file coords.txt (compact mmCIF, C-alpha atoms)
# COMPACT_ATOMS: atom_id res chain seq x y z
CA MET A 179 -8.06 36.34 40.91
CA LYS A 180 -10.27 34.97 38.12
CA ARG A 181 -8.21 36.70 35.42
CA ASN A 182 -5.04 35.22 36.88
CA VAL A 183 -6.54 31.73 36.76
CA LEU A 184 -7.55 32.20 33.13
CA ARG A 185 -4.11 33.53 32.19
CA PHE A 186 -2.49 30.55 33.90
CA LEU A 187 -4.75 28.15 31.99
CA LEU A 188 -3.90 29.88 28.71
CA LEU A 189 -0.18 29.53 29.49
CA ILE A 190 -0.61 25.83 30.22
CA CYS A 191 -2.44 25.37 26.89
CA CYS A 192 0.35 27.10 24.97
CA ILE A 193 3.02 24.97 26.64
CA GLN A 194 1.01 21.81 25.92
CA LEU A 195 0.73 22.74 22.24
CA MET A 196 4.50 23.27 21.96
CA VAL A 197 5.28 20.01 23.73
CA ALA A 198 2.79 18.01 21.66
CA CYS A 199 4.24 19.18 18.36
CA SER A 200 7.70 17.65 18.90
CA GLY A 201 7.28 13.99 17.93
CA GLU A 202 10.00 11.41 18.12
CA GLN A 203 10.63 8.83 15.44
CA LYS A 204 9.58 5.45 16.72
CA GLU A 205 10.28 2.08 15.19
CA LYS A 206 7.98 2.05 12.23
CA PHE A 207 7.35 -1.57 11.32
CA ALA A 208 7.73 -4.79 13.16
CA THR A 209 6.79 -8.29 12.16
CA TYR A 210 6.66 -11.40 14.21
CA HIS A 211 6.41 -14.91 12.95
CA ALA A 212 6.14 -18.16 14.85
CA ALA A 213 7.49 -20.35 12.05
CA GLY A 214 10.64 -18.97 10.40
CA ASP A 215 9.23 -17.77 7.10
CA ASN A 216 11.51 -14.96 6.02
CA GLY A 217 10.11 -14.54 2.52
CA SER A 218 6.70 -13.51 3.78
CA GLN A 219 8.26 -11.17 6.29
CA SER A 220 10.05 -9.10 3.68
CA THR A 221 6.94 -8.99 1.46
CA ILE A 222 4.79 -7.80 4.35
CA GLU A 223 7.32 -5.18 5.33
CA LYS A 224 7.49 -3.92 1.75
CA LEU A 225 3.69 -3.73 1.53
CA LEU A 226 3.50 -1.74 4.75
CA ASN A 227 6.38 0.50 3.71
CA ASP A 228 4.70 1.39 0.43
CA GLU A 229 1.61 2.74 2.15
CA LYS A 230 2.56 6.31 2.96
CA SER A 231 -0.25 7.09 5.39
CA ILE A 232 0.73 4.47 7.96
CA GLU A 233 2.53 5.63 11.03
CA LYS A 234 3.21 2.26 12.60
CA GLY A 235 2.46 -1.30 11.48
CA THR A 236 2.71 -4.62 13.26
CA ALA A 237 2.17 -7.97 11.58
CA VAL A 238 1.90 -11.35 13.23
CA PHE A 239 1.73 -14.49 11.14
CA VAL A 240 1.36 -18.12 12.09
CA ASP A 241 0.68 -20.91 9.59
CA ASP A 242 -2.18 -19.70 7.41
CA VAL A 243 -3.18 -16.63 9.38
CA ILE A 244 -1.80 -13.12 9.03
CA LEU A 245 -2.91 -10.43 11.45
CA VAL A 246 -1.85 -6.89 10.64
CA GLY A 247 -2.48 -3.99 13.00
CA VAL A 248 -1.74 -0.52 11.66
CA GLN A 249 -1.87 2.94 13.13
CA ILE A 250 -2.66 5.66 10.64
CA LYS A 251 -1.18 9.16 10.59
CA PRO A 252 -3.59 11.71 12.11
CA PHE A 253 -4.41 13.65 8.93
CA SER A 254 -5.12 10.46 6.99
CA LYS A 255 -7.67 9.27 9.52
CA LEU A 256 -10.46 10.71 7.38
CA LYS A 257 -9.75 8.05 4.74
CA ARG A 258 -9.39 5.30 7.33
CA THR A 259 -11.86 2.79 5.88
CA LYS A 260 -10.49 3.27 2.36
CA ILE A 261 -6.92 2.68 3.55
CA GLU A 262 -8.00 -0.39 5.50
CA GLU A 263 -9.87 -1.86 2.53
CA GLY A 264 -7.02 -1.05 0.16
CA LEU A 265 -4.46 -2.73 2.41
CA GLN A 266 -6.71 -5.77 2.91
CA LYS A 267 -7.01 -6.20 -0.88
CA LYS A 268 -3.23 -5.83 -1.34
CA PHE A 269 -2.50 -8.44 1.31
CA GLU A 270 -5.13 -10.82 -0.05
CA LYS A 271 -3.65 -10.49 -3.53
CA GLU A 272 -0.15 -11.17 -2.21
CA PHE A 273 -1.17 -14.11 0.00
CA PRO A 274 -4.23 -15.70 -1.62
CA ASP A 275 -3.97 -18.95 0.31
CA LYS A 276 -3.78 -17.32 3.74
CA GLU A 277 -6.40 -15.82 6.02
CA VAL A 278 -5.57 -12.12 6.24
CA LEU A 279 -6.98 -9.54 8.59
CA VAL A 280 -5.89 -5.91 8.36
CA SER A 281 -7.18 -3.59 11.05
CA THR A 282 -6.68 0.12 11.72
CA ASP A 283 -8.35 -0.19 15.08
CA PHE A 284 -6.24 1.00 17.98
CA LYS A 285 -7.14 -2.00 20.14
CA ILE A 286 -6.13 -4.55 17.50
CA SER A 287 -2.81 -2.85 16.71
CA TRP A 288 -2.03 -2.40 20.42
CA GLU A 289 -2.81 -6.06 21.18
CA THR A 290 -0.72 -7.15 18.18
CA GLN A 291 2.22 -5.15 19.52
CA LYS A 292 1.72 -6.79 22.92
CA LEU A 293 1.72 -10.23 21.26
CA MET A 294 5.11 -9.45 19.77
CA LYS A 295 6.67 -8.64 23.11
CA LYS A 296 5.41 -11.82 24.80
CA GLU A 297 7.02 -15.19 24.17
CA LEU A 298 4.07 -17.46 23.38
CA THR A 299 3.81 -20.98 22.06
CA GLU A 300 2.32 -21.46 18.61
CA LYS A 301 -0.94 -22.81 20.02
CA GLU A 302 -1.39 -19.87 22.39
CA LEU A 303 -0.52 -17.44 19.60
CA LYS A 304 -3.15 -18.97 17.33
CA LYS A 305 -5.73 -18.73 20.09
CA LYS A 306 -4.94 -15.07 20.68
CA ILE A 307 -5.07 -14.27 16.98
CA LYS A 308 -8.45 -16.01 16.69
CA LYS A 309 -9.71 -13.93 19.60
CA LEU A 310 -8.47 -10.71 17.97
CA GLN A 311 -10.09 -11.67 14.68
CA ASP A 312 -13.44 -12.15 16.44
CA LEU A 313 -12.99 -8.84 18.23
CA ALA A 314 -12.34 -7.03 14.97
CA LYS A 315 -15.64 -8.28 13.55
CA GLU A 316 -17.75 -6.94 16.44
CA GLU A 317 -20.11 -4.15 15.49
CA THR A 318 -21.50 -2.93 18.82
CA MET B 49 -40.70 57.99 27.03
CA ASN B 50 -41.63 56.04 23.91
CA GLN B 51 -40.51 52.53 23.07
CA LYS B 52 -37.68 53.54 20.74
CA ASP B 53 -36.10 55.80 23.34
CA TYR B 54 -36.45 53.09 25.94
CA GLU B 55 -34.75 50.56 23.69
CA GLN B 56 -31.88 52.93 23.03
CA LEU B 57 -31.49 53.58 26.74
CA GLN B 58 -31.53 49.85 27.43
CA THR B 59 -28.84 49.19 24.80
CA LYS B 60 -26.71 51.97 26.22
CA LEU B 61 -26.94 50.86 29.85
CA SER B 62 -26.77 47.07 29.61
CA PRO B 63 -23.25 45.61 29.92
CA LYS B 64 -21.61 44.26 26.77
CA THR B 65 -21.35 40.48 26.54
CA PRO B 66 -17.64 39.51 26.46
CA ILE B 67 -17.99 37.31 23.39
CA GLY B 68 -14.28 36.51 23.06
CA LEU B 69 -13.95 35.39 26.67
CA ASN B 70 -17.18 33.37 26.45
CA LEU B 71 -15.92 31.61 23.34
CA LEU B 72 -12.66 30.76 25.05
CA LYS B 73 -14.40 29.46 28.17
CA ALA B 74 -16.83 27.34 26.13
CA PHE B 75 -13.93 25.97 24.07
CA LEU B 76 -11.94 25.03 27.17
CA VAL B 77 -14.86 23.49 29.06
CA GLY B 78 -16.10 21.52 26.05
CA GLY B 79 -12.57 20.45 25.22
CA ILE B 80 -11.86 19.22 28.73
CA ILE B 81 -15.12 17.26 28.79
CA CYS B 82 -14.10 15.62 25.51
CA VAL B 83 -10.59 14.87 26.84
CA ILE B 84 -12.16 13.16 29.86
CA GLY B 85 -14.41 11.17 27.50
CA GLN B 86 -11.41 10.11 25.41
CA ALA B 87 -9.53 9.07 28.56
CA ILE B 88 -12.50 6.94 29.65
CA SER B 89 -12.62 5.44 26.14
CA PHE B 90 -8.92 4.52 26.31
CA PHE B 91 -9.47 3.07 29.78
CA TYR B 92 -12.14 0.75 28.38
CA ILE B 93 -10.04 -0.16 25.33
CA MET B 94 -6.95 -1.02 27.36
CA ASN B 95 -8.51 -2.84 30.29
CA PHE B 96 -11.44 -4.64 28.68
CA ASP B 97 -12.21 -6.36 25.38
CA PHE B 98 -13.46 -3.27 23.57
CA THR B 99 -12.27 -2.03 20.20
CA GLU B 100 -12.38 1.63 19.18
CA ARG B 101 -15.71 0.95 17.52
CA THR B 102 -17.36 -0.78 20.45
CA ALA B 103 -15.85 1.34 23.24
CA GLY B 104 -18.24 4.19 22.44
CA ASN B 105 -21.12 2.50 24.23
CA PRO B 106 -19.62 2.17 27.72
CA THR B 107 -17.91 5.55 27.34
CA VAL B 108 -21.20 7.36 26.72
CA ALA B 109 -22.83 5.44 29.56
CA THR B 110 -20.03 6.49 31.94
CA MET B 111 -20.16 10.12 30.82
CA ILE B 112 -23.91 10.24 31.42
CA PHE B 113 -23.44 8.65 34.82
CA ILE B 114 -20.91 11.35 35.72
CA SER B 115 -23.33 13.98 34.44
CA LEU B 116 -26.05 12.40 36.61
CA LEU B 117 -23.90 12.75 39.72
CA LEU B 118 -22.95 16.34 38.91
CA THR B 119 -26.55 17.33 38.16
CA GLY B 120 -27.85 15.64 41.29
CA PHE B 121 -25.36 17.49 43.48
CA GLY B 122 -26.14 20.79 41.81
CA LEU B 123 -22.65 21.20 40.35
CA TYR B 124 -23.47 20.96 36.66
CA LYS B 125 -25.40 24.23 36.68
CA LYS B 126 -22.30 26.01 38.00
CA LEU B 127 -20.29 24.47 35.18
CA GLY B 128 -22.97 25.64 32.75
CA GLN B 129 -22.81 29.16 34.18
CA PHE B 130 -19.09 29.23 33.50
CA GLY B 131 -18.77 27.25 30.31
CA GLY B 132 -22.04 28.03 28.51
CA ALA B 133 -22.34 26.00 25.33
CA GLY B 134 -19.18 24.09 26.20
CA SER B 135 -21.12 22.20 28.83
CA ALA B 136 -24.41 22.06 26.92
CA VAL B 137 -23.29 20.63 23.59
CA PRO B 138 -21.55 17.36 24.63
CA VAL B 139 -23.59 14.34 25.65
CA THR B 140 -23.18 15.36 29.29
CA GLY B 141 -25.29 18.45 28.52
CA PHE B 142 -28.01 16.27 27.06
CA GLY B 143 -27.86 14.08 30.15
CA ASN B 144 -28.11 17.13 32.37
CA ALA B 145 -31.23 18.35 30.52
CA VAL B 146 -33.01 15.04 30.97
CA ILE B 147 -31.90 14.45 34.56
CA SER B 148 -32.72 17.95 35.79
CA ALA B 149 -36.20 17.72 34.24
CA ALA B 150 -36.74 14.40 36.02
CA ILE B 151 -35.60 15.86 39.35
CA GLU B 152 -37.81 18.92 38.91
CA HIS B 153 -41.01 16.98 38.28
CA LYS B 154 -40.41 14.24 40.83
CA THR B 155 -43.03 15.69 43.18
CA GLU B 156 -45.75 15.33 40.55
CA GLY B 157 -45.53 11.56 40.55
CA LEU B 158 -43.62 8.96 38.61
CA VAL B 159 -45.85 8.42 35.58
CA LEU B 160 -47.33 11.82 34.78
CA GLY B 161 -44.71 13.93 36.52
CA VAL B 162 -41.37 12.36 35.72
CA GLY B 163 -42.48 10.27 32.75
CA GLY B 164 -44.48 13.03 31.12
CA ASN B 165 -41.93 15.79 31.54
CA ILE B 166 -38.56 14.06 31.39
CA PHE B 167 -38.02 14.95 27.73
CA LYS B 168 -39.17 18.54 28.13
CA LEU B 169 -35.80 19.97 27.08
CA ALA B 170 -34.39 16.93 25.33
CA GLY B 171 -37.44 16.58 23.11
CA SER B 172 -36.36 19.43 20.83
CA VAL B 173 -32.87 17.94 20.64
CA ILE B 174 -34.27 14.62 19.48
CA VAL B 175 -36.78 16.14 17.04
CA PHE B 176 -34.29 18.45 15.37
CA GLY B 177 -31.62 15.76 15.40
CA VAL B 178 -33.86 13.30 13.59
CA VAL B 179 -35.11 15.91 11.10
CA SER B 180 -31.58 17.09 10.26
CA ALA B 181 -30.39 13.47 9.93
CA PHE B 182 -33.22 12.91 7.45
CA PHE B 183 -32.18 15.90 5.35
CA VAL B 184 -28.49 14.97 5.46
CA ALA B 185 -29.36 11.44 4.30
CA LEU B 186 -31.48 12.91 1.51
CA VAL B 187 -28.59 15.12 0.36
CA LYS B 188 -26.24 12.13 0.45
CA LEU B 189 -28.72 10.04 -1.55
CA ILE B 190 -28.82 12.74 -4.22
CA LEU B 191 -25.01 12.99 -4.31
CA VAL B 192 -24.62 9.21 -4.55
CA THR B 193 -27.21 9.01 -7.36
CA ILE B 194 -25.36 11.70 -9.29
CA GLY B 195 -22.13 9.85 -8.73
CA VAL B 196 -20.15 12.45 -6.77
CA THR B 197 -19.64 10.16 -3.79
CA GLN B 198 -20.30 6.60 -2.66
CA TRP B 199 -22.10 5.08 0.29
call {"tool": "encode", "arguments": {"input": "coords.txt", "output": "structure tokens"}}
result
Amino acid sequence: MKRNVLRFLLLICCIQLMVACSGEQKEKFATYHAAGDNGSQSTIEKLLNDEKSIEKGTAVFVDDVILVGVQIKPFSKLKRTKIEEGLQKKFEKEFPDKEVLVSTDFKISWETQKLMKKELTEKELKKKIKKLQDLAKEET
Amino acid sequence: MNQKDYEQLQTKLSPKTPIGLNLLKAFLVGGIICVIGQAISFFYIMNFDFTERTAGNPTVATMIFISLLLTGFGLYKKLGQFGGAGSAVPVTGFGNAVISAAIEHKTEGLVLGVGGNIFKLAGSVIVFGVVSAFFVALVKLILVTIGVTQW
């Protein structure tokens, strides 16, 4: 009886492994802007495209604030802080007059994706972005 | 019968430990505990204002609470019997060590009984953890001074 249970568990594990390995290609980058600023959009998309270790990136920009949430590919997660710092520097160099925040945190990128799907006014968007910026700075 | 003969007889008669099966069981039990921890972490990230960095605190607190319930009801020891190191290594195992010591010495009073003996098992964990952290930091300091790596 016990051996049968163990064999069953082993079978489930093998099936799980096979299912997990087949990944589908999702939409890689998405940007959202409140004020129609198409120049910045293409620059941001190019910057995100150039970084090979990003799996998915979402950027939201309003006025002087750019919030970028990225999800990194699993094997590159060891160099997470380096990638984050590198991206932050690139964005700051590209947009020196804007307040840029790049985050690899799952919460920030998930919330940024949620912001894109909602239809918010500019004021509400700014408030949400401010909240996310404060959240990203929390240490404990 | 002298000691050597007795030892040989003992080795011959005692059953062999199924190392492969034990490894597999420990791997599965430890892995499932970690999956549950990750699920709790995601729960906190998605439903509250926690980032990946800050969600560790409530996750560990919840895991230890679960371990408290399991230890109190006498279920954790059954898990330990089955999973071995898989249930002892994660933070739930640490919680179990502390909680079971507290339960055991409850009859001796709160201050000297519980307070004096609560870290009976966990004390070694803390001592060796701190000592090894010290040595790891020392090694890193040497590597950073040489220039191999950075802080």
call {"tool": "closest_atom_pairs", "arguments": {"input": "coords.txt", "of": "chain A", "to": "chain B", "cutoff": "12 Å", "atoms": "all atoms listed in the file", "output": "JSON lines"}}
result
{"residue": "A:Lys180", "atom": "CA", "partner": "B:Phe130", "partner_atom": "CA", "distance": 11.5}
{"residue": "A:Arg181", "atom": "CA", "partner": "B:Leu69", "partner_atom": "CA", "distance": 10.5}
{"residue": "A:Val183", "atom": "CA", "partner": "B:Lys73", "partner_atom": "CA", "distance": 11.9}
{"residue": "A:Leu184", "atom": "CA", "partner": "B:Lys73", "partner_atom": "CA", "distance": 8.9}
{"residue": "A:Arg185", "atom": "CA", "partner": "B:Leu69", "partner_atom": "CA", "distance": 11.4}
{"residue": "A:Leu187", "atom": "CA", "partner": "B:Leu76", "partner_atom": "CA", "distance": 9.2}
{"residue": "A:Leu188", "atom": "CA", "partner": "B:Leu76", "partner_atom": "CA", "distance": 9.5}
{"residue": "A:Ile190", "atom": "CA", "partner": "B:Leu76", "partner_atom": "CA", "distance": 11.8}
{"residue": "A:Cys191", "atom": "CA", "partner": "B:Leu76", "partner_atom": "CA", "distance": 9.5}
{"residue": "A:Thr259", "atom": "CA", "partner": "B:Trp199", "partner_atom": "CA", "distance": 11.9}
{"residue": "A:Lys260", "atom": "CA", "partner": "B:Gln198", "partner_atom": "CA", "distance": 11.5}
{"residue": "A:Ser281", "atom": "CA", "partner": "B:Thr99", "partner_atom": "CA", "distance": 10.6}
{"residue": "A:Thr282", "atom": "CA", "partner": "B:Glu100", "partner_atom": "CA", "distance": 9.5}
{"residue": "A:Asp283", "atom": "CA", "partner": "B:Glu100", "partner_atom": "CA", "distance": 6.0}
{"residue": "A:Phe284", "atom": "CA", "partner": "B:Glu100", "partner_atom": "CA", "distance": 6.3}
{"residue": "A:Lys285", "atom": "CA", "partner": "B:Thr99", "partner_atom": "CA", "distance": 5.1}
{"residue": "A:Ile286", "atom": "CA", "partner": "B:Thr99", "partner_atom": "CA", "distance": 7.2}
{"residue": "A:Ser287", "atom": "CA", "partner": "B:Thr99", "partner_atom": "CA", "distance": 10.1}
{"residue": "A:Trp288", "atom": "CA", "partner": "B:Met94", "partner_atom": "CA", "distance": 8.6}
{"residue": "A:Glu289", "atom": "CA", "partner": "B:Met94", "partner_atom": "CA", "distance": 9.0}
{"residue": "A:Lys292", "atom": "CA", "partner": "B:Met94", "partner_atom": "CA", "distance": 11.3}
{"residue": "A:Lys309", "atom": "CA", "partner": "B:Asp97", "partner_atom": "CA", "distance": 9.8}
{"residue": "A:Leu310", "atom": "CA", "partner": "B:Asp97", "partner_atom": "CA", "distance": 9.4}
{"residue": "A:Gln311", "atom": "CA", "partner": "B:Thr99", "partner_atom": "CA", "distance": 11.3}
{"residue": "A:Asp312", "atom": "CA", "partner": "B:Asp97", "partner_atom": "CA", "distance": 10.7}
{"residue": "A:Leu313", "atom": "CA", "partner": "B:Thr99", "partner_atom": "CA", "distance": 7.1}
{"residue": "A:Ala314", "atom": "CA", "partner": "B:Thr99", "partner_atom": "CA", "distance": 7.2}
{"residue": "A:Lys315", "atom": "CA", "partner": "B:Thr99", "partner_atom": "CA", "distance": 9.7}
{"residue": "A:Glu316", "atom": "CA", "partner": "B:Thr102", "partner_atom": "CA", "distance": 7.4}
{"residue": "A:Glu317", "atom": "CA", "partner": "B:Thr102", "partner_atom": "CA", "distance": 6.6}
{"residue": "A:Thr318", "atom": "CA", "partner": "B:Thr102", "partner_atom": "CA", "distance": 4.9}
call {"tool": "residues_around", "arguments": {"input": "coords.txt", "residues": "Lys304 of chain A", "least_positions_apart": "2", "cutoff": "12 Å", "atoms": "all atoms listed in the file", "output": "PyMOL selection string"}}
result
chain A and resi 211-213+238-245+293+298-302+306-311
call {"tool": "write_last_selection", "arguments": {"input": "coords.txt", "atoms": "C-alpha atoms", "output": "JSON list (two decimals), keeping the file's coordinate frame"}}
result
[["chain", "number", "residue", "atom", "x", "y", "z"],
["A", 211, "HIS", "CA", 6.41, -14.91, 12.95],
["A", 212, "ALA", "CA", 6.14, -18.16, 14.85],
["A", 213, "ALA", "CA", 7.49, -20.35, 12.05],
["A", 238, "VAL", "CA", 1.90, -11.35, 13.23],
["A", 239, "PHE", "CA", 1.73, -14.49, 11.14],
["A", 240, "VAL", "CA", 1.36, -18.12, 12.09],
["A", 241, "ASP", "CA", 0.68, -20.91, 9.59],
["A", 242, "ASP", "CA", -2.18, -19.70, 7.41],
["A", 243, "VAL", "CA", -3.18, -16.63, 9.38],
["A", 244, "ILE", "CA", -1.80, -13.12, 9.03],
["A", 245, "LEU", "CA", -2.91, -10.43, 11.45],
["A", 293, "LEU", "CA", 1.72, -10.23, 21.26],
["A", 298, "LEU", "CA", 4.07, -17.46, 23.38],
["A", 299, "THR", "CA", 3.81, -20.98, 22.06],
["A", 300, "GLU", "CA", 2.32, -21.46, 18.61],
["A", 301, "LYS", "CA", -0.94, -22.81, 20.02],
["A", 302, "GLU", "CA", -1.39, -19.87, 22.39],
["A", 306, "LYS", "CA", -4.94, -15.07, 20.68],
["A", 307, "ILE", "CA", -5.07, -14.27, 16.98],
["A", 308, "LYS", "CA", -8.45, -16.01, 16.69],
["A", 309, "LYS", "CA", -9.71, -13.93, 19.60],
["A", 310, "LEU", "CA", -8.47, -10.71, 17.97],
["A", 311, "GLN", "CA", -10.09, -11.67, 14.68]]
call {"tool": "atom_distance", "arguments": {"input": "coords.txt", "atom1": "atom CA of Lys251 of chain A", "atom2": "atom CA of Lys230 of chain A"}}
result
9.0 Å
call {"tool": "atom_distance", "arguments": {"input": "coords.txt", "atom1": "atom CA of Val184 of chain B", "atom2": "atom CA of Trp199 of chain B"}}
result
12.9 Å
call {"tool": "atom_distance", "arguments": {"input": "coords.txt", "atom1": "atom CA of Glu152 of chain B", "atom2": "atom CA of Phe176 of chain B"}}
result
23.8 Å
call {"tool": "residues_around", "arguments": {"input": "coords.txt", "residues": "Phe253 of chain A", "least_positions_apart": "5", "cutoff": "12 Å", "atoms": "only C-alpha atoms", "output": "list in words"}}
result
Lys230, Ser231, Ile232, Glu233 and Arg258 of chain A
call {"tool": "axis_aligned_box", "arguments": {"input": "coords.txt", "around": "segment 134-153 of chain B", "padding_each_side": "8 Å", "output": "JSON"}}
result
{"center_x": -30.1, "center_y": 19.1, "center_z": 31.5, "size_x": 37.8, "size_y": 26.0, "size_z": 31.8}
call {"tool": "closest_atom_pairs", "arguments": {"input": "coords.txt", "of": "segment 234-299 of chain A", "to": "segment 219-229 of chain A", "cutoff": "10 Å", "atoms": "only C-alpha atoms", "output": "CSV"}}
result
residue,atom,partner,partner_atom,distance
A:Lys234,CA,A:Leu226,CA,8.8
A:Gly235,CA,A:Leu226,CA,6.8
A:Thr236,CA,A:Leu226,CA,9.0
A:Ala237,CA,A:Ile222,CA,7.7
A:Val238,CA,A:Gln219,CA,9.4
A:Phe239,CA,A:Gln219,CA,8.8
A:Ile244,CA,A:Ile222,CA,9.7
A:Val246,CA,A:Ile222,CA,9.2
A:Val248,CA,A:Leu226,CA,8.8
A:Ile250,CA,A:Glu229,CA,9.9
A:Ile261,CA,A:Glu229,CA,8.6
A:Gly264,CA,A:Glu229,CA,9.6
A:Leu265,CA,A:Glu229,CA,8.2
A:Lys268,CA,A:Leu225,CA,7.8
A:Phe269,CA,A:Leu225,CA,7.8
A:Glu272,CA,A:Thr221,CA,8.3
A:Phe273,CA,A:Thr221,CA,9.7
call {"tool": "closest_residue", "arguments": {"input": "coords.txt", "among": "B:Gln56, B:Met111, B:Asn144, B:Gly134", "to": "Lys168 of chain B", "atoms": "all atoms listed in the file"}}
result
B:Asn144
call {"tool": "residues_around", "arguments": {"input": "coords.txt", "residues": "segment 117-122 of chain B", "least_positions_apart": "2", "cutoff": "12 Å", "atoms": "only C-alpha atoms", "output": "ChimeraX atom specification"}}
result
/B:110-115,124-129,135,140-152
call {"tool": "write_last_selection", "arguments": {"input": "coords.txt", "atoms": "C-alpha atoms", "output": "tab-separated table (two decimals), keeping the file's coordinate frame"}}
result
chain	number	residue	atom	x	y	z
B	110	THR	CA	-20.03	6.49	31.94
B	111	MET	CA	-20.16	10.12	30.82
B	112	ILE	CA	-23.91	10.24	31.42
B	113	PHE	CA	-23.44	8.65	34.82
B	114	ILE	CA	-20.91	11.35	35.72
B	115	SER	CA	-23.33	13.98	34.44
B	124	TYR	CA	-23.47	20.96	36.66
B	125	LYS	CA	-25.40	24.23	36.68
B	126	LYS	CA	-22.30	26.01	38.00
B	127	LEU	CA	-20.29	24.47	35.18
B	128	GLY	CA	-22.97	25.64	32.75
B	129	GLN	CA	-22.81	29.16	34.18
B	135	SER	CA	-21.12	22.20	28.83
B	140	THR	CA	-23.18	15.36	29.29
B	141	GLY	CA	-25.29	18.45	28.52
B	142	PHE	CA	-28.01	16.27	27.06
B	143	GLY	CA	-27.86	14.08	30.15
B	144	ASN	CA	-28.11	17.13	32.37
B	145	ALA	CA	-31.23	18.35	30.52
B	146	VAL	CA	-33.01	15.04	30.97
B	147	ILE	CA	-31.90	14.45	34.56
B	148	SER	CA	-32.72	17.95	35.79
B	149	ALA	CA	-36.20	17.72	34.24
B	150	ALA	CA	-36.74	14.40	36.02
B	151	ILE	CA	-35.60	15.86	39.35
B	152	GLU	CA	-37.81	18.92	38.91
